[in-house]
Structure formats: structure tokens, C-alpha cells
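Here the structure comes first, spelled out in C-alpha cells, and everything after it is commentary.
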Amino acid sequence: MRENDRRMENYEIIVLDLDGTLTNRDKVITPKTKKALMEIQERGKKIVLASGRPTDGVMPLARELKLEKYGSYILSFNGGMITNCRTGEVVFSRLLPVEANAKIIGLAEEERVTILTYDGHTLITNDAESPYSKLENKINSMEVRQIDDLKSYVTYPVPKFLMMDDGDYLAMVEPRVKAAMGKNFSIYRSEPFFLEILPRGIDKAQSLARLLEILGLDKERMIACGDGYNDLTMIKFAGLGVAMENAVLPVRKAADYITMSNNDDGIAHVVEKFMLH
């Protein structure tokens, strides 16, 4: 499709990755980008904040953009959950099977890595003093609690586990965890030092397809913007897939359009070009 044709499309929904996409290097939404996003919501269009973070970790940005006022959405846990910000209703959810919890925690113990998961609004881990636990605490502004016997404690379904250690070491751990868990789990590194373990088939695109069904929209009405490997599926899926200038090469190659970087109001540029024309 030529760019002029894309500009004439009536895009109703924009999906935004957070770090490296919506926020700049200081992890803030710039005034120009915020203004553009508020304007499209005033026009009845929807925003989806799509992140690997837990829902609570996305909430501060959702509140800043007043997503609850406009009935926009949070896609959290890399697609494991979608929440309507106005009603608080979880409109889509896929959790890990409870019977897998002990095995996953046991693997972390064998590999001597830090492991983290969730208990309501709290991050729980076997090592609260780990620099990676402290980083998750900082990213998500959620309390971190150390549980010495996680196997006995986590007897309920969770959206994901996070194994955390030095990137070079996790690169060796990753194939062993994949082999041990088998094909019913989605296991990948979202950062060199974070190994994510989620239900199989969970990614941003699959969850967005479910959201579009709920909203009665087709994917041609959706723009998806991102910079990282976990954004690749949604960028390929959306009617208009947008890579940030700072995106990894596979994302740039898969995109229909490359915007300016997250430090140069790349999202404001996309909104002005394709949704406010």
C-alpha cells in the first residue's frame, strides 16, 4: 500500500510499546507526544499501552494519559492480560498452569538464578536484594517481597515467571529451561538479563486479535508501534506496523513505516501523520 493510501485509512486504535517507544531515554512521555495522544482520545480513538510489565507497572503511564476517562486499554505481561482502564475489567487473560509452578521454581533453584513472579500488587522473589529484583521494583514502582520457600507459596496461577541473572549466564540457562519445560510454554529473553516464562502462544499480536474481536474492529484499523523483539508480532499483525528509528533491525525490516526515535517524538509524528490528518 502506498503511503498516501495509508494516510487515508481511518485508524481507530494505536498500540504503543512503552520503553524505547512511548517514553524517551528519561522514561517520560514528552509534552508533544502527550498532546497528540490526548487529542486522538478526544476524537474517540483508543490507545493500548502494550508491555511486558505487570498491569500495575503500566498504570502510572495509563493515568498520565487518562486512559480510564476514555476507555482505553492496557496490554500487560506481553499479552497475557488485557484490561479496560475505564471499568477495570480484565477482557482477556491467559495464566500459567498451577501445576507448572513448582517445576519452574525448581529449575531456577537448580540454575542458581533469581526468580520473580506476582502476588496481587506485589512482586515476590527468592532474592529481594538481587540487582535485577531492584530493577524490576524501580521499573514497575511495585513493592518487592522475598519469599524463602516460593514453591510452597505460589500455589495459585500466575501470568508469568521471570528468571534473572547476568546476560551471558542466562544465554546458557535459556536452552536448558526450554528443553526442560517443553513446547507448552513461551520462553524468551525480553532483556539480556530477563528470561520470561509464559503460556505458549502468548504474544502481543494474539492478544490484540482478541481485543479487536471484542471491539468489533479489523486489524486494518490498528497502528502498532514498537522497538524491540517482543514487538515484532504486533508490528507484522497491525494494519500499519511502525518501527521506531531506534528499533532493532528485524523490527525495522518488518515495519510498514519507520518513524523518528523515541527521543525525537516519534510517536507524536505517527499520530499527526496517520490519525490527525
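In the C-alpha cells, each chain is lettered A, B, ... as it comes, each chain's residues begin at 1, and ligands are numbered from 1 in order of appearance.
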
Fill in: Nearby residues (only C-alpha atoms) at most 7 Å from stretch 39-52 of chain A, same-chain spacing under 6 positions excluded, as a ChimeraX atom specification
/A:12-18,70,72-78

Worksheet item: Can you tell me, as a VMD selection string, what residues are no more than 10 Å from A:Tyr257 when counting only C-alpha atoms, ignoring any on the same chain fewer than 3 positions away?
Response: chain A and resid 3 6 225 235 240 to 245 252 to 254 270

Fill in: Shell of 12 Å around A:Met164, only C-alpha atoms, local chain residues under 2 positions omitted, as a PyMOL selection string
chain A and resi 108-109+111-117+125-128+130-136+161-162+166-171+173-174+188-197

Discussion item. Could you list, as a list in words, every residue within 12 Å of A:Val248, counting only C-alpha atoms and ignoring same-chain residues fewer than 2 positions away?
Written reply: Gly20, Thr21, Gly226, Asp227, Gly228, Tyr229, Asn230, Asp231, Leu232, Ala243, Met244, Glu245, Asn246, Pro250, Val251, Arg252, Lys253, Ala254, Ala255, Ile258 and Ser261 of chain A

Practice prompt. Using DSSP on the backbone coordinates, identify the residues of stretch 16-142 of chain A assigned to alpha helix (DSSP H); present them as a PyMOL selection string.
Written response: chain A and resi 31-42+55-64+67-70+101-111+131-140

Discussion item. If I take atom CA of A:Asp149 and atom CA of A:Gly182, how far is one from the other in Å, to one decimal?
Written reply: 24.7 Å

A:Leu65: which residues within 8 Å, counting only C-alpha atoms, same-chain residues fewer than 5 positions away excluded, as an mmCIF file with N, CA, C and O atoms, in the first residue's frame?
```cif
data_model
loop_
_atom_site.group_PDB
_atom_site.id
_atom_site.type_symbol
_atom_site.label_atom_id
_atom_site.label_comp_id
_atom_site.auth_asym_id
_atom_site.auth_seq_id
_atom_site.Cartn_x
_atom_site.Cartn_y
_atom_site.Cartn_z
ATOM 1 N N LYS A 34 2.358 13.583 24.388
ATOM 2 C CA LYS A 34 1.164 13.526 25.251
ATOM 3 C C LYS A 34 0.011 14.307 24.626
ATOM 4 O O LYS A 34 -1.129 13.834 24.589
ATOM 5 N N LEU A 37 -1.585 12.355 21.768
ATOM 6 C CA LEU A 37 -2.347 11.194 22.228
ATOM 7 C C LEU A 37 -3.639 11.604 22.930
ATOM 8 O O LEU A 37 -4.662 10.920 22.809
ATOM 9 N N MET A 38 -3.621 12.715 23.646
ATOM 10 C CA MET A 38 -4.860 13.202 24.264
ATOM 11 C C MET A 38 -5.855 13.632 23.189
ATOM 12 O O MET A 38 -7.055 13.397 23.307
#
```

Practice prompt. Return as a PyMOL selection string the full set of residues in stretch 200-261 of chain A whose backbone-based DSSP assignment is strand (DSSP E).
Written response: chain A and resi 222-226+240-243+257-258

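Taking only C-alpha atoms into account, A:Val58 lies nearest to A:Met81 out of the set A:Ala247, A:Leu107, A:Met81, A:Leu198.
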
Worksheet item: With only C-alpha atoms as the atoms that count, which of A:Lys160, A:Arg25, A:Lys66, A:Lys35 lies nearest to A:Leu96?
Response: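 Under the stated criterion, the closest residue is A:Lys160.
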
Worksheet item: Suppose you want the space between atom CA of A:Cys85 and atom CA of A:Phe237; what is it in Å?
Response: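 Distance reported for this atom pair: 23.3 Å.
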
Worksheet item: Between A:Ile214, A:Gly266, A:Asp165, A:Tyr118, which has the minimum distance to A:Val144 (counting only C-alpha atoms)?
Response: A:Tyr118

Practice prompt. Figure out the distance between atom CA of A:Glu64 and atom CA of A:Thr259, please, to one decimal in Å.
Written response: 23.1 Å

Response to the item:
One residue among A:Glu89, A:Asp56, A:Glu272, A:Glu99 is nearest to A:Ile139 when using only C-alpha atoms, and that residue is A:Asp56

Worksheet item: Of the residues A:Asn262, A:Ser186, A:Asn10, A:Asn140, which is the one nearest to A:Asp218, using only C-alpha atoms?
Response: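 Between A:Asn262, A:Ser186, A:Asn10, A:Asn140, the residue approaching A:Asp218 most closely is A:Asn10.
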
Practice prompt. Find the residue from A:Lys27, A:Thr33, A:Glu213, A:Thr233 that sits nearest to A:Asp265; use only C-alpha atoms when measuring.
Written response: A:Thr33
